[in-house]
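Encoded as structure tokens, the structure appears first; notes follow it.
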Amino acid sequence: MSIRTQCIEDGAVITYRVRPGRDPWVLLHGFGCDMSLWDRAASCLPHDVGLLVPDLRGHGASTLGWQLPSIERCAADVAAIIEREDLDHSAIAGLSMGGYIALSLFEADPGRFRALALVSTQAGADDDAARMRRAAGLTALRQEGWPRMANSLMPLLLNREKPDFRRHRDHMMTMFERAGDAGLAAALYALANRRDRRHVLPRIRVPVVVVVGDRDRLTPPSLAKEMADRVGDGRLVILPRVAHMSVLEAPREVAAQLEP
């Protein structure tokens, strides 16, 4: 896949990888991650399937612009690179924060996409308690920096009982380091202020798969089932012994849900 960049009107530079091919998928990573989150899952897809995999703003090699951070701003970034690469009628898969961005894209332009995969995510907004946890995260970043925050999140993100836990943890820490204090803080603001998009789900008229691990404590199977039930053409897949970072822990199983 070739690496490209797109300059956004507010000064942000979005880095992404693209692979031309049939039935393209846009793959969106979660909080603290970057495009490498999808590497193993992407390698499990047929080699002639098209791919567009960005580093969301403030993550990986992508920078922050001057506009206030928001899910909608991230969605606009993704829409800009989709348009640049002429990938109308692509499908979109988003994990966690990437799922929020995917739903924002669908709400803004429902006729643009042919399918949707919501992976380890939810459609609702933060409640007051969740926003206070985001505030605590911002305090921790300010006082102690990203390593302390990242380490504290690992038990929620990964299943410690999986044989590859150490490798997945090291990968997560590398991605968090690339985002750094600034990228993580911007994302926390965006997450805390995101809109409730449960009303979008019944309006979706394309195939939807909702994927979740049965060990996911952040977006548990109950929330995944709620999303799948709200979608007219929704399908629920629950992965055994998999925590929140399902794309890392079960890349082949997630990729299987993205087959045309």
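As shown in the structure tokens, the chain order sets the letters A, B, ...; within each chain, residues go from 1, and ligands are also counted from 1 in the order they appear.
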Using only C-alpha atoms, what table do you get, as a tab-separated table, when you list each residue of range 117-150 of chain A with an atom no more than 6 Å from range 178-197 of chain A, its nearest pair of atoms, and their distance in Å rounded to one decimal, rows by chain then rising number?
```
residue	atom	partner	partner_atom	distance
A:Ala123	CA	A:Arg197	CA	5.2
A:Gly124	CA	A:Asp196	CA	4.4
A:Ala125	CA	A:Asp196	CA	4.4
A:Asp126	CA	A:Ala192	CA	6.0
A:Arg131	CA	A:Ala192	CA	5.2
A:Arg134	CA	A:Leu188	CA	6.0
A:Trp146	CA	A:Asp181	CA	5.5
```
Leaving out Ala115 in chain A and any residue of its chain fewer than 6 positions from it, which residues lie within 12 Å of it when counting only C-alpha atoms, given as a list in words?
Asp23, Pro24, Trp25, Val26, Asp88, His89, Ser90, Ala91, Ile92, Ala93, Gly94, Ala102, Leu103, Phe106, Ile204, Arg205, Val206, Pro207, Val208, Val209, Val210, Asp233, Gly234, Arg235, Gln257, Leu258, Glu259 and Pro260 of chain A
Secondary structure check, alpha helix (DSSP H) residues of range 5-252 of chain A, as a count of residues only
104
Using only C-alpha atoms, which of the listed residues (A:Thr15, A:Ala228, A:Arg169, A:Gly58) sits closest to Leu116 in chain A?
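Of A:Thr15, A:Ala228, A:Arg169, A:Gly58, the one nearest Leu116 in chain A is A:Ala228, counting only C-alpha atoms.
For the choices A:Ile238, A:Leu37, A:Met149, A:Met132, the atom-to-atom distance to Gly98 in chain A is smallest for A:Leu37 when using only C-alpha atoms.
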Between CA of Ile82 in chain A and CA of His47 in chain A, what is the distance, to one decimal in Å?
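These atoms are spaced 19.9 Å apart.
Excluding range 51-57 of chain A and any residue on its chain fewer than 3 positions from it, the residues at most 6 Å away by only C-alpha atoms are Thr15, Tyr16, Arg17, Val18, Arg19, Pro24, Trp25, Val26, Leu27, Asp34, Met35, Gly60, Ser62, Thr63 and Leu64 of chain A.
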Residues of range 12-65 of chain A at most 8 Å from range 239-252 of chain A: nearest atom pair and distance in Å, only C-alpha atoms, as JSON lines:
```
{"residue": "A:Leu37", "atom": "CA", "partner": "A:Leu248", "partner_atom": "CA", "distance": 6.6}
{"residue": "A:Trp38", "atom": "CA", "partner": "A:Val247", "partner_atom": "CA", "distance": 6.6}
{"residue": "A:Arg40", "atom": "CA", "partner": "A:Pro251", "partner_atom": "CA", "distance": 5.8}
{"residue": "A:Ala41", "atom": "CA", "partner": "A:Pro251", "partner_atom": "CA", "distance": 4.3}
{"residue": "A:Cys44", "atom": "CA", "partner": "A:Arg252", "partner_atom": "CA", "distance": 5.9}
```
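Each of A:Arg22, A:Arg167, A:His199, A:Arg133 was compared to Val231 in chain A using only C-alpha atoms, and A:His199 turns out to be the nearest.
Distance-wise, CA of Arg198 in chain A and CA of Ser104 in chain A end up 10.9 Å apart.
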Any chance you could list, as a PyMOL selection string, the residues in range 144-247 of chain A that come up strand (DSSP E or B) when DSSP is run on the backbone?
chain A and resi 208-213+234-239
Output as a Markdown table one row per residue of range 76-165 of chain A within 10 Å of range 218-223 of chain A: the closest atom pair and its distance in Å to one decimal place, counting only C-alpha atoms, sorted by chain and residue number ascending.
```
| residue | atom | partner | partner_atom | distance |
| --- | --- | --- | --- | --- |
| A:Ser96 | CA | A:Thr219 | CA | 8.0 |
| A:Val119 | CA | A:Thr219 | CA | 9.5 |
| A:Ser120 | CA | A:Thr219 | CA | 5.9 |
| A:Thr121 | CA | A:Thr219 | CA | 5.6 |
| A:Gln122 | CA | A:Leu223 | CA | 6.2 |
| A:Ala123 | CA | A:Leu223 | CA | 8.4 |
| A:Gly124 | CA | A:Leu223 | CA | 9.0 |
| A:Leu156 | CA | A:Leu218 | CA | 6.8 |
| A:Leu157 | CA | A:Leu218 | CA | 7.9 |
```
Just to confirm, what's the straight-line distance from CA of Pro147 in chain A to CA of Ser36 in chain A in Å (one decimal)?
19.0 Å
